[in-house]
file query_36.cif (mmCIF, C-alpha atoms)
data_structure
loop_
_atom_site.group_PDB
_atom_site.id
_atom_site.type_symbol
_atom_site.label_atom_id
_atom_site.label_comp_id
_atom_site.auth_asym_id
_atom_site.auth_seq_id
_atom_site.Cartn_x
_atom_site.Cartn_y
_atom_site.Cartn_z
ATOM 1 C CA MET A 177 116.145 115.651 118.880
ATOM 2 C CA GLU A 178 115.818 115.604 122.660
ATOM 3 C CA PHE A 179 115.327 112.284 124.432
ATOM 4 C CA ASN A 180 111.726 111.412 125.247
ATOM 5 C CA PHE A 181 110.936 109.215 128.236
ATOM 6 C CA LYS A 182 108.633 107.116 126.060
ATOM 7 C CA CYS A 183 111.777 105.948 124.281
ATOM 8 C CA LEU A 184 112.698 103.992 127.407
ATOM 9 C CA LEU A 185 109.900 101.556 126.582
ATOM 10 C CA CYS A 186 111.296 100.950 123.105
ATOM 11 C CA ASN A 187 114.706 100.170 124.592
ATOM 12 C CA ILE A 188 113.169 97.650 126.968
ATOM 13 C CA GLU A 189 110.962 96.092 124.277
ATOM 14 C CA GLN A 190 114.019 95.261 122.184
ATOM 15 C CA VAL A 191 114.975 92.620 124.735
ATOM 16 C CA ASP A 192 111.705 90.759 124.171
ATOM 17 C CA LYS A 193 111.757 91.270 120.392
ATOM 18 C CA VAL A 194 115.254 89.878 119.930
ATOM 19 C CA SER A 195 114.731 87.094 122.461
ATOM 20 C CA ARG A 196 111.606 85.886 120.681
ATOM 21 C CA HIS A 197 113.254 86.244 117.294
ATOM 22 C CA ILE A 198 116.131 83.908 118.202
ATOM 23 C CA ASN A 199 113.947 81.690 120.440
ATOM 24 C CA ALA A 200 116.018 82.458 123.528
ATOM 25 C CA PRO A 201 114.837 80.684 126.711
ATOM 26 C CA GLU A 202 113.319 82.749 129.497
ATOM 27 C CA CYS A 203 116.286 81.963 131.728
ATOM 28 C CA ALA A 204 118.551 83.743 129.223
ATOM 29 C CA LYS A 205 116.266 86.753 128.891
ATOM 30 C CA GLU A 206 115.979 87.574 132.597
ATOM 31 C CA PRO A 207 119.608 88.660 133.239
ATOM 32 C CA VAL A 208 119.580 90.677 130.003
ATOM 33 C CA ILE A 209 116.490 92.652 130.971
ATOM 34 C CA ARG A 210 118.010 93.333 134.380
ATOM 35 C CA ASP A 211 121.212 94.655 132.792
ATOM 36 C CA VAL A 212 119.228 96.819 130.380
ATOM 37 C CA LEU A 213 117.232 98.288 133.264
ATOM 38 C CA LYS A 214 120.484 99.085 135.098
ATOM 39 C CA HIS A 215 121.828 100.745 131.946
ATOM 40 C CA LEU A 216 118.701 102.870 131.545
ATOM 41 C CA ALA A 217 118.716 103.829 135.223
ATOM 42 C CA ASP A 218 122.145 105.431 134.835
ATOM 43 C CA ILE A 219 121.810 107.227 131.498
ATOM 44 C CA ASP A 220 122.158 110.953 131.001
ATOM 45 C CA PHE A 221 118.795 112.147 129.708
ATOM 46 C CA LYS A 222 120.592 114.776 127.651
ATOM 47 C CA MET A 223 121.752 111.962 125.379
ATOM 48 C CA LYS A 224 119.898 111.199 122.170
ATOM 49 C CA ASN A 225 118.002 107.948 121.850
ATOM 50 C CA PRO A 226 120.409 106.377 119.299
ATOM 51 C CA GLU A 227 123.238 106.870 121.822
ATOM 52 C CA ILE A 228 121.189 105.187 124.527
ATOM 53 C CA MET A 229 120.017 102.410 122.219
ATOM 54 C CA SER A 230 123.587 101.559 121.208
ATOM 55 C CA GLY A 231 124.304 100.644 124.834
ATOM 56 C CA THR A 232 121.038 98.726 125.110
ATOM 57 C CA TRP A 233 121.802 96.814 121.915
ATOM 58 C CA ARG A 234 125.282 95.846 123.100
ATOM 59 C CA ILE A 235 123.836 94.457 126.340
ATOM 60 C CA ILE A 236 121.208 92.459 124.416
ATOM 61 C CA THR A 237 123.551 90.974 121.837
ATOM 62 C CA ASP A 238 126.312 90.205 124.337
ATOM 63 C CA GLY A 239 123.857 88.711 126.813
ATOM 64 C CA LEU A 240 122.073 86.533 124.251
ATOM 65 C CA GLY A 241 125.232 85.609 122.356
ATOM 66 C CA GLU A 242 124.020 86.918 118.983
ATOM 67 C CA SER A 243 126.053 89.762 117.481
ATOM 68 C CA ASP A 244 123.755 90.156 114.452
ATOM 69 C CA PRO A 245 120.402 88.497 115.225
ATOM 70 C CA TYR A 246 118.673 89.891 112.125
ATOM 71 C CA LYS A 247 121.421 89.014 109.641
ATOM 72 C CA SER A 248 119.423 86.541 107.549
ATOM 73 C CA GLU A 249 116.339 88.795 107.542
ATOM 74 C CA LYS A 250 118.405 91.746 106.359
ATOM 75 C CA GLN A 251 119.797 89.708 103.484
ATOM 76 C CA ARG A 252 116.300 88.463 102.618
ATOM 77 C CA PHE A 253 114.757 91.945 102.521
ATOM 78 C CA ASN A 254 117.632 93.172 100.368
ATOM 79 C CA SER A 255 117.031 90.265 97.984
ATOM 80 C CA ASP A 256 113.267 90.861 97.984
ATOM 81 C CA MET A 257 113.670 94.515 97.047
ATOM 82 C CA LEU A 258 116.266 93.686 94.398
ATOM 83 C CA GLN A 259 113.650 91.474 92.746
ATOM 84 C CA ILE A 260 111.496 94.531 91.978
ATOM 85 C CA TYR A 261 114.362 96.966 91.409
ATOM 86 C CA GLY A 262 114.254 96.605 87.639
ATOM 87 C CA LEU A 263 110.475 97.013 87.528
ATOM 88 C CA LEU A 264 110.580 100.170 89.629
ATOM 89 C CA LYS A 265 113.420 101.619 87.561
ATOM 90 C CA SER A 266 111.483 101.024 84.349
ATOM 91 C CA ARG A 267 108.451 102.876 85.757
ATOM 92 C CA LEU A 268 110.317 106.084 86.567
ATOM 93 C CA SER A 269 109.487 109.055 84.374
ATOM 94 C CA LYS A 270 112.069 110.771 82.201
ATOM 95 C CA GLY A 271 113.666 114.013 83.322
ATOM 96 C CA GLU A 272 113.339 115.678 86.697
ATOM 97 C CA GLU A 273 109.983 114.071 87.525
ATOM 98 C CA GLY A 274 111.804 110.743 87.690
ATOM 99 C CA PHE A 275 113.930 112.168 90.503
ATOM 100 C CA PHE A 276 110.868 113.053 92.583
ATOM 101 C CA GLU A 277 109.365 109.622 91.964
ATOM 102 C CA ALA A 278 112.604 107.938 93.070
ATOM 103 C CA LEU A 279 112.710 110.146 96.167
ATOM 104 C CA ARG A 280 109.172 109.087 97.107
ATOM 105 C CA LEU A 281 110.084 105.430 96.657
ATOM 106 C CA SER A 282 113.129 105.898 98.888
ATOM 107 C CA ALA A 283 110.964 107.514 101.568
ATOM 108 C CA VAL A 284 108.323 104.776 101.569
ATOM 109 C CA GLY A 285 111.100 102.183 101.797
ATOM 110 C CA ASN A 286 111.689 103.483 105.315
ATOM 111 C CA ILE A 287 108.708 101.356 106.397
ATOM 112 C CA ILE A 288 111.174 98.429 106.642
ATOM 113 C CA ASP A 289 112.212 98.949 110.252
ATOM 114 C CA PHE A 290 112.659 96.116 112.761
ATOM 115 C CA GLY A 291 113.127 98.565 115.631
ATOM 116 C CA ALA A 292 109.743 100.284 115.314
ATOM 117 C CA ASN A 293 106.413 98.940 116.533
ATOM 118 C CA HIS A 294 104.379 98.964 113.321
ATOM 119 C CA TYR A 295 103.615 95.783 111.376
ATOM 120 C CA PHE A 296 104.989 95.163 107.902
ATOM 121 C CA ASP A 297 105.835 92.214 105.689
ATOM 122 C CA LYS A 298 107.131 91.612 102.190
ATOM 123 C CA GLU A 299 103.698 91.752 100.559
ATOM 124 C CA MET A 300 102.761 95.014 102.307
ATOM 125 C CA CYS A 301 106.061 96.595 101.273
ATOM 126 C CA TYR A 302 105.622 95.469 97.677
ATOM 127 C CA GLU A 303 102.105 96.896 97.555
ATOM 128 C CA LYS A 304 103.033 100.275 99.022
ATOM 129 C CA ILE A 305 106.192 100.635 96.965
ATOM 130 C CA CYS A 306 104.844 99.446 93.615
ATOM 131 C CA ASN A 307 101.727 101.640 93.697
ATOM 132 C CA LEU A 308 102.969 105.048 94.703
ATOM 133 C CA CYS A 309 105.256 106.495 92.058
ATOM 134 C CA SER A 310 102.852 109.256 91.071
ATOM 135 C CA GLU A 311 101.325 109.859 94.501
ATOM 136 C CA ASP A 312 102.016 112.952 96.615
ATOM 137 C CA ILE A 313 103.111 111.209 99.816
ATOM 138 C CA PHE A 314 105.012 113.898 101.740
ATOM 139 C CA ALA A 315 103.246 115.542 104.690
ATOM 140 C CA ILE A 316 106.119 118.052 104.604
ATOM 141 C CA ASP A 317 107.610 118.410 101.153
ATOM 142 C CA HIS A 318 110.888 120.258 100.591
ATOM 143 C CA SER A 319 111.840 117.993 97.690
ATOM 144 C CA ARG A 320 111.967 120.894 95.235
ATOM 145 C CA ARG A 321 114.518 122.649 97.462
ATOM 146 C CA LEU A 322 116.542 119.438 97.532
ATOM 147 C CA TYR A 323 116.470 119.169 93.744
ATOM 148 C CA GLU A 324 117.559 122.774 93.262
ATOM 149 C CA LYS A 325 120.466 122.325 95.689
ATOM 150 C CA LEU A 326 121.584 119.203 93.848
ATOM 151 C CA LYS A 327 122.099 121.398 90.794
ATOM 152 C CA VAL A 328 124.845 123.388 92.539
ATOM 153 C CA SER A 329 126.352 120.744 94.837
ATOM 154 C CA LYS A 330 129.764 119.194 94.292
ATOM 155 C CA GLN A 331 129.531 116.560 97.026
ATOM 156 C CA LEU A 332 126.559 114.619 98.405
ATOM 157 C CA LEU A 333 126.448 112.403 101.490
ATOM 158 C CA VAL A 334 123.512 110.001 101.754
ATOM 159 C CA ILE A 335 123.214 108.523 105.247
ATOM 160 C CA GLY A 336 121.557 105.125 104.942
ATOM 161 C CA ASP A 337 119.127 103.583 107.379
ATOM 162 C CA ASN A 338 117.615 100.126 106.902
ATOM 163 C CA CYS A 339 117.991 96.935 104.917
ATOM 164 C CA GLY A 340 115.658 96.572 101.935
ATOM 165 C CA GLU A 341 115.247 100.332 101.972
ATOM 166 C CA ILE A 342 118.833 100.559 100.745
ATOM 167 C CA VAL A 343 117.739 99.156 97.369
ATOM 168 C CA LEU A 344 115.378 102.094 96.942
ATOM 169 C CA ASP A 345 118.141 104.460 98.082
ATOM 170 C CA LYS A 346 120.237 102.952 95.301
ATOM 171 C CA LEU A 347 117.455 103.737 92.830
ATOM 172 C CA LEU A 348 117.451 107.354 94.034
ATOM 173 C CA ILE A 349 121.232 107.678 93.865
ATOM 174 C CA GLU A 350 121.244 106.190 90.377
ATOM 175 C CA ARG A 351 118.742 108.836 89.293
ATOM 176 C CA ILE A 352 120.817 111.601 90.922
ATOM 177 C CA ARG A 353 123.971 110.372 89.218
ATOM 178 C CA SER A 354 122.238 110.245 85.832
ATOM 179 C CA GLU A 355 121.129 113.883 86.123
ATOM 180 C CA PHE A 356 124.102 115.339 87.981
ATOM 181 C CA SER A 357 127.059 113.376 86.651
ATOM 182 C CA ASP A 358 129.749 115.588 88.212
ATOM 183 C CA ILE A 359 128.582 115.237 91.817
ATOM 184 C CA LYS A 360 130.707 113.133 94.177
ATOM 185 C CA ILE A 361 128.454 110.805 96.199
ATOM 186 C CA TYR A 362 129.142 109.069 99.481
ATOM 187 C CA PHE A 363 126.802 106.517 101.061
ATOM 188 C CA SER A 364 127.287 105.866 104.770
ATOM 189 C CA VAL A 365 126.410 102.769 106.771
ATOM 190 C CA ARG A 366 126.749 101.718 110.401
ATOM 191 C CA GLY A 367 130.124 100.590 111.680
ATOM 192 C CA LYS A 368 128.639 97.492 113.329
ATOM 193 C CA ALA A 369 125.420 95.512 113.072
ATOM 194 C CA VAL A 370 122.530 97.041 115.024
ATOM 195 C CA LEU A 371 118.841 96.207 114.544
ATOM 196 C CA ASN A 372 118.285 96.059 110.762
ATOM 197 C CA ASP A 373 120.386 99.128 109.996
ATOM 198 C CA VAL A 374 122.572 98.859 106.923
ATOM 199 C CA THR A 375 126.216 97.864 107.158
ATOM 200 C CA SER A 376 128.924 97.477 104.525
ATOM 201 C CA ASP A 377 127.668 93.936 103.872
ATOM 202 C CA ASP A 378 124.253 95.284 102.861
ATOM 203 C CA ALA A 379 125.781 97.957 100.646
ATOM 204 C CA LEU A 380 127.909 95.357 98.873
ATOM 205 C CA GLN A 381 124.963 92.948 98.515
ATOM 206 C CA VAL A 382 122.858 95.509 96.620
ATOM 207 C CA GLY A 383 125.711 96.917 94.505
ATOM 208 C CA MET A 384 125.776 100.362 96.101
ATOM 209 C CA GLY A 385 129.511 100.590 95.475
ATOM 210 C CA ASP A 386 128.858 100.929 91.742
ATOM 211 C CA LEU A 387 127.211 104.303 92.347
ATOM 212 C CA ALA A 388 128.692 105.793 95.512
ATOM 213 C CA ILE A 389 131.725 105.661 97.786
ATOM 214 C CA ILE A 390 130.718 103.518 100.772
ATOM 215 C CA ILE A 391 131.866 104.652 104.207
ATOM 216 C CA ASP A 392 130.844 103.583 107.685
ATOM 217 C CA ASP A 393 130.252 105.932 110.589
ATOM 218 C CA GLY A 394 132.346 103.891 113.026
ATOM 219 C CA THR A 395 129.473 103.289 115.452
ATOM 220 C CA GLU A 396 126.846 100.701 116.373
ATOM 221 C CA ALA A 397 124.208 103.308 117.141
ATOM 222 C CA PRO A 398 120.910 102.954 115.222
ATOM 223 C CA GLY A 399 121.187 106.559 114.080
ATOM 224 C CA THR A 400 123.933 109.070 113.377
ATOM 225 C CA VAL A 401 125.573 110.408 116.527
ATOM 226 C CA LEU A 402 128.316 112.808 115.501
ATOM 227 C CA ALA A 403 129.972 112.721 118.930
ATOM 228 C CA GLN A 404 130.557 108.972 118.508
ATOM 229 C CA ALA A 405 131.261 108.940 114.768
ATOM 230 C CA SER A 406 134.668 108.419 113.214
ATOM 231 C CA ASP A 407 136.870 111.316 112.176
ATOM 232 C CA GLU A 408 136.441 110.314 108.524
ATOM 233 C CA PHE A 409 132.662 110.389 108.746
ATOM 234 C CA ARG A 410 132.609 113.769 110.493
ATOM 235 C CA ARG A 411 134.982 115.188 107.878
ATOM 236 C CA ILE A 412 132.801 114.014 104.998
ATOM 237 C CA PHE A 413 129.666 115.216 106.786
ATOM 238 C CA ASP A 414 131.192 118.686 107.220
ATOM 239 C CA GLU A 415 132.660 118.871 103.705
ATOM 240 C CA SER A 416 129.544 117.754 101.832
ATOM 241 C CA ASP A 417 127.465 120.508 100.253
ATOM 242 C CA LEU A 418 124.372 118.358 100.679
ATOM 243 C CA VAL A 419 123.382 115.630 103.157
ATOM 244 C CA ILE A 420 120.340 113.376 102.805
ATOM 245 C CA ALA A 421 119.728 111.548 106.088
ATOM 246 C CA LYS A 422 117.312 108.635 105.831
ATOM 247 C CA GLY A 423 115.064 107.353 108.598
ATOM 248 C CA GLN A 424 114.001 108.047 112.168
ATOM 249 C CA GLY A 425 117.285 107.198 113.891
ATOM 250 C CA ASN A 426 119.237 109.651 111.784
ATOM 251 C CA TYR A 427 116.562 112.267 112.450
ATOM 252 C CA GLU A 428 116.835 111.672 116.206
ATOM 253 C CA GLY A 429 120.606 112.017 116.060
ATOM 254 C CA LEU A 430 120.956 114.982 113.706
ATOM 255 C CA SER A 431 117.819 117.124 113.885
ATOM 256 C CA ASP A 432 119.399 119.498 116.410
ATOM 257 C CA ILE A 433 122.136 120.348 113.926
ATOM 258 C CA LYS A 434 121.374 123.457 111.920
ATOM 259 C CA ARG A 435 123.368 123.645 108.723
ATOM 260 C CA ASP A 436 122.651 124.412 105.115
ATOM 261 C CA GLY A 437 121.918 121.462 102.892
ATOM 262 C CA LEU A 438 120.792 118.933 105.516
ATOM 263 C CA PHE A 439 117.621 117.122 104.476
ATOM 264 C CA PHE A 440 115.733 114.357 106.286
ATOM 265 C CA VAL A 441 113.750 111.796 104.320
ATOM 266 C CA LEU A 442 111.752 109.373 106.453
ATOM 267 C CA MET A 443 108.475 107.824 107.423
ATOM 268 C CA ALA A 444 107.402 108.919 110.930
ATOM 269 C CA LYS A 445 106.543 105.566 112.493
ATOM 270 C CA CYS A 446 106.031 106.386 116.157
ATOM 271 C CA PRO A 447 103.987 109.080 117.948
ATOM 272 C CA VAL A 448 107.089 110.581 119.582
ATOM 273 C CA ILE A 449 108.704 111.414 116.259
ATOM 274 C CA SER A 450 105.517 112.243 114.354
ATOM 275 C CA ASP A 451 104.453 114.653 117.121
ATOM 276 C CA TYR A 452 107.922 116.224 117.206
ATOM 277 C CA ILE A 453 107.914 116.805 113.451
ATOM 278 C CA GLY A 454 104.241 117.773 113.469
ATOM 279 C CA VAL A 455 102.816 115.213 111.043
ATOM 280 C CA PRO A 456 100.385 112.282 111.370
ATOM 281 C CA ASN A 457 101.865 108.913 112.272
ATOM 282 C CA MET A 458 103.011 106.729 109.323
ATOM 283 C CA LYS A 459 103.398 109.770 107.063
ATOM 284 C CA CYS A 460 106.517 110.579 105.066
ATOM 285 C CA VAL A 461 108.467 113.820 105.072
ATOM 286 C CA CYS A 462 111.238 115.411 103.073
ATOM 287 C CA VAL A 463 112.286 118.283 105.268
ATOM 288 C CA GLU A 464 115.228 120.665 105.197
ATOM 289 C CA ASN A 465 116.632 121.125 108.671
ATOM 290 C CA ASN A 466 117.367 124.824 108.644
ATOM 291 C CA SER A 467 113.684 125.625 108.080
#
call {"tool": "encode", "arguments": {"input": "query_36.cif", "output": "structure tokens"}}
result
Amino acid sequence: MEFNFKCLLCNIEQVDKVSRHINAPECAKEPVIRDVLKHLADIDFKMKNPEIMSGTWRIITDGLGESDPYKSEKQRFNSDMLQIYGLLKSRLSKGEEGFFEALRLSAVGNIIDFGANHYFDKEMCYEKICNLCSEDIFAIDHSRRLYEKLKVSKQLLVIGDNCGEIVLDKLLIERIRSEFSDIKIYFSVRGKAVLNDVTSDDALQVGMGDLAIIIDDGTEAPGTVLAQASDEFRRIFDESDLVIAKGQGNYEGLSDIKRDGLFFVLMAKCPVISDYIGVPNMKCVCVENNS
């Protein structure tokens, strides 16, 4: 997805968000905002926003002396979602319909995003997640195509996005594994902490390793950027018959790549992305990228 100038504002706003979150004094924030503005003044506008944001994030965390400012919140959201994991699992239908219900839950979990500008809290997430299993939530729905391709795939890569959401990804992967027992499944995380994106620590906290092989992409970008990713990640990405990329950042980084078996599952939470996809804001999509 091409860079949009409106994304500059989101980069700048992260300085204020993180500063307020860690109660940084104004005197600490001023040099950071100046460095971020210098960074943005020199960027190549052919870059994708996750590439640009990785530089912005490094300036913010180095300048404020906090390498993982949302660490405790990420752990808390993971714990909160784990508390309803068993309930959600018990509500899933038998057979293939249970897969589509799990996919919808995974999509709505994408509301947990500290980098976006919408409001959410634990209670809102619980309400949305616990009441939607049977609802048709996708503004663009290629979930049937995804299901049919799972039937013939030997290797699946699921590219994770956010904390909390990862618990619902686990529910989806568990359902996939129960129906397609021979498929090899990888789950990828970020190489370093950035915003509330999942890392290996999150994957271990929620028990993802029991269902999938955990790999990291070798980057601190809040979205998959193949040019920056590790050789191992690129190899697995290329070798996988099927890729499910969760969230806006992964859409921004990968939507220009046309290949069979690449699906995006996300909630469009900002006008830039919702307009680009062609859906109303705060709507979910499951879209195959070669369409």
call {"tool": "resolve_selection", "arguments": {"input": "query_36.cif", "expression": "the PyMOL selection byres ((chain A and resi 437) around 12)", "output": "PyMOL selection string"}}
result
chain A and resi 318-319+321-326+328-334+413-421+433-436+438-440+463-467
call {"tool": "axis_aligned_box", "arguments": {"input": "query_36.cif", "around": "segment 358-366 of chain A", "padding_each_side": "3 Å", "output": "AutoDock Vina command-line options"}}
result
--center_x 128.6 --center_y 108.7 --center_z 99.3 --size_x 10.3 --size_y 19.9 --size_z 28.2
call {"tool": "resolve_selection", "arguments": {"input": "query_36.cif", "expression": "the PyMOL selection byres ((chain A and resi 182-185) around 10)", "output": "number ranges by chain"}}
result
A: 179-181, 186-190, 213, 216-217, 224-226, 228-229, 446-448
call {"tool": "resolve_selection", "arguments": {"input": "query_36.cif", "expression": "the PyMOL selection byres ((chain A and resi 372-376) around 7)", "output": "PyMOL selection string"}}
result
chain A and resi 246+250+289-290+336-339+365-371+377-380+398
call {"tool": "residues_around", "arguments": {"input": "query_36.cif", "residues": "segment 343-357 of chain A", "least_positions_apart": "6", "cutoff": "7 Å", "atoms": "all atoms listed in the file", "output": "PyMOL selection string"}}
result
chain A and resi 254+257-258+265+275+278-279+281-282+285+327+382+384+387
call {"tool": "residues_around", "arguments": {"input": "query_36.cif", "residues": "Asp238 of chain A", "least_positions_apart": "4", "cutoff": "12 Å", "atoms": "only C-alpha atoms", "output": "PyMOL selection string"}}
result
chain A and resi 191+194+204-205+207-208+211-212+231-234+242-245
call {"tool": "closest_residue", "arguments": {"input": "query_36.cif", "among": "A:Ala405, A:Cys462, A:Ile390, A:Ile359", "to": "Tyr427 of chain A", "atoms": "all atoms listed in the file"}}
result
A:Cys462
call {"tool": "atom_distance", "arguments": {"input": "query_36.cif", "atom1": "atom CA of Arg196 of chain A", "atom2": "atom CA of Ile342 of chain A"}}
result
25.8 Å
call {"tool": "atom_distance", "arguments": {"input": "query_36.cif", "atom1": "atom CA of Leu240 of chain A", "atom2": "atom CA of Ile209 of chain A"}}
result
10.7 Å
call {"tool": "closest_residue", "arguments": {"input": "query_36.cif", "among": "A:Cys203, A:Gln251, A:Ile335, A:Asp432", "to": "Ile391 of chain A", "atoms": "all atoms listed in the file"}}
result
A:Ile335
call {"tool": "closest_residue", "arguments": {"input": "query_36.cif", "among": "A:Phe276, A:Lys459, A:Ile236, A:Ala397", "to": "Lys445 of chain A", "atoms": "only C-alpha atoms"}}
result
A:Lys459
call {"tool": "atom_distance", "arguments": {"input": "query_36.cif", "atom1": "atom CA of Thr400 of chain A", "atom2": "atom CA of Asn426 of chain A"}}
result
5.0 Å
call {"tool": "decode", "arguments": {"input": "query_36.cif", "residues": "segment 367-380 of chain A", "atoms": "N, CA and C atoms", "output": "PDB file, in the first residue's frame"}}
result
ATOM      1  N   GLY A 367      10.235  -8.888  15.459  1.00  0.00           N
ATOM      2  CA  GLY A 367      11.550  -9.188  16.007  1.00  0.00           C
ATOM      3  C   GLY A 367      11.861  -8.408  17.261  1.00  0.00           C
ATOM      4  N   LYS A 368      11.269  -7.202  17.387  1.00  0.00           N
ATOM      5  CA  LYS A 368      11.468  -6.364  18.565  1.00  0.00           C
ATOM      6  C   LYS A 368      10.139  -5.712  18.934  1.00  0.00           C
ATOM      7  N   ALA A 369      10.058  -5.249  20.172  1.00  0.00           N
ATOM      8  CA  ALA A 369       8.832  -4.607  20.642  1.00  0.00           C
ATOM      9  C   ALA A 369       8.568  -3.326  19.864  1.00  0.00           C
ATOM     10  N   VAL A 370       7.334  -3.168  19.392  1.00  0.00           N
ATOM     11  CA  VAL A 370       6.902  -1.944  18.722  1.00  0.00           C
ATOM     12  C   VAL A 370       5.402  -1.813  18.936  1.00  0.00           C
ATOM     13  N   LEU A 371       4.969  -0.643  19.433  1.00  0.00           N
ATOM     14  CA  LEU A 371       3.570  -0.424  19.779  1.00  0.00           C
ATOM     15  C   LEU A 371       3.066  -1.609  20.620  1.00  0.00           C
ATOM     16  N   ASN A 372       1.887  -2.156  20.279  1.00  0.00           N
ATOM     17  CA  ASN A 372       1.427  -3.347  21.002  1.00  0.00           C
ATOM     18  C   ASN A 372       1.446  -4.582  20.104  1.00  0.00           C
ATOM     19  N   ASP A 373       2.309  -4.556  19.090  1.00  0.00           N
ATOM     20  CA  ASP A 373       2.450  -5.703  18.204  1.00  0.00           C
ATOM     21  C   ASP A 373       3.030  -6.893  18.969  1.00  0.00           C
ATOM     22  N   VAL A 374       2.641  -8.086  18.533  1.00  0.00           N
ATOM     23  CA  VAL A 374       3.059  -9.283  19.254  1.00  0.00           C
ATOM     24  C   VAL A 374       4.532  -9.592  19.015  1.00  0.00           C
ATOM     25  N   THR A 375       5.161 -10.077  20.072  1.00  0.00           N
ATOM     26  CA  THR A 375       6.536 -10.565  20.021  1.00  0.00           C
ATOM     27  C   THR A 375       6.536 -12.014  20.508  1.00  0.00           C
ATOM     28  N   SER A 376       7.711 -12.611  20.561  1.00  0.00           N
ATOM     29  CA  SER A 376       7.820 -13.989  21.043  1.00  0.00           C
ATOM     30  C   SER A 376       7.291 -14.120  22.463  1.00  0.00           C
ATOM     31  N   ASP A 377       7.490 -13.086  23.286  1.00  0.00           N
ATOM     32  CA  ASP A 377       6.989 -13.128  24.664  1.00  0.00           C
ATOM     33  C   ASP A 377       5.468 -13.296  24.698  1.00  0.00           C
ATOM     34  N   ASP A 378       4.773 -12.574  23.823  1.00  0.00           N
ATOM     35  CA  ASP A 378       3.313 -12.698  23.769  1.00  0.00           C
ATOM     36  C   ASP A 378       2.902 -14.091  23.313  1.00  0.00           C
ATOM     37  N   ALA A 379       3.583 -14.605  22.296  1.00  0.00           N
ATOM     38  CA  ALA A 379       3.251 -15.925  21.776  1.00  0.00           C
ATOM     39  C   ALA A 379       3.443 -16.997  22.846  1.00  0.00           C
ATOM     40  N   LEU A 380       4.515 -16.871  23.629  1.00  0.00           N
ATOM     41  CA  LEU A 380       4.759 -17.828  24.698  1.00  0.00           C
ATOM     42  C   LEU A 380       3.735 -17.676  25.815  1.00  0.00           C
TER      43      LEU A 380
END
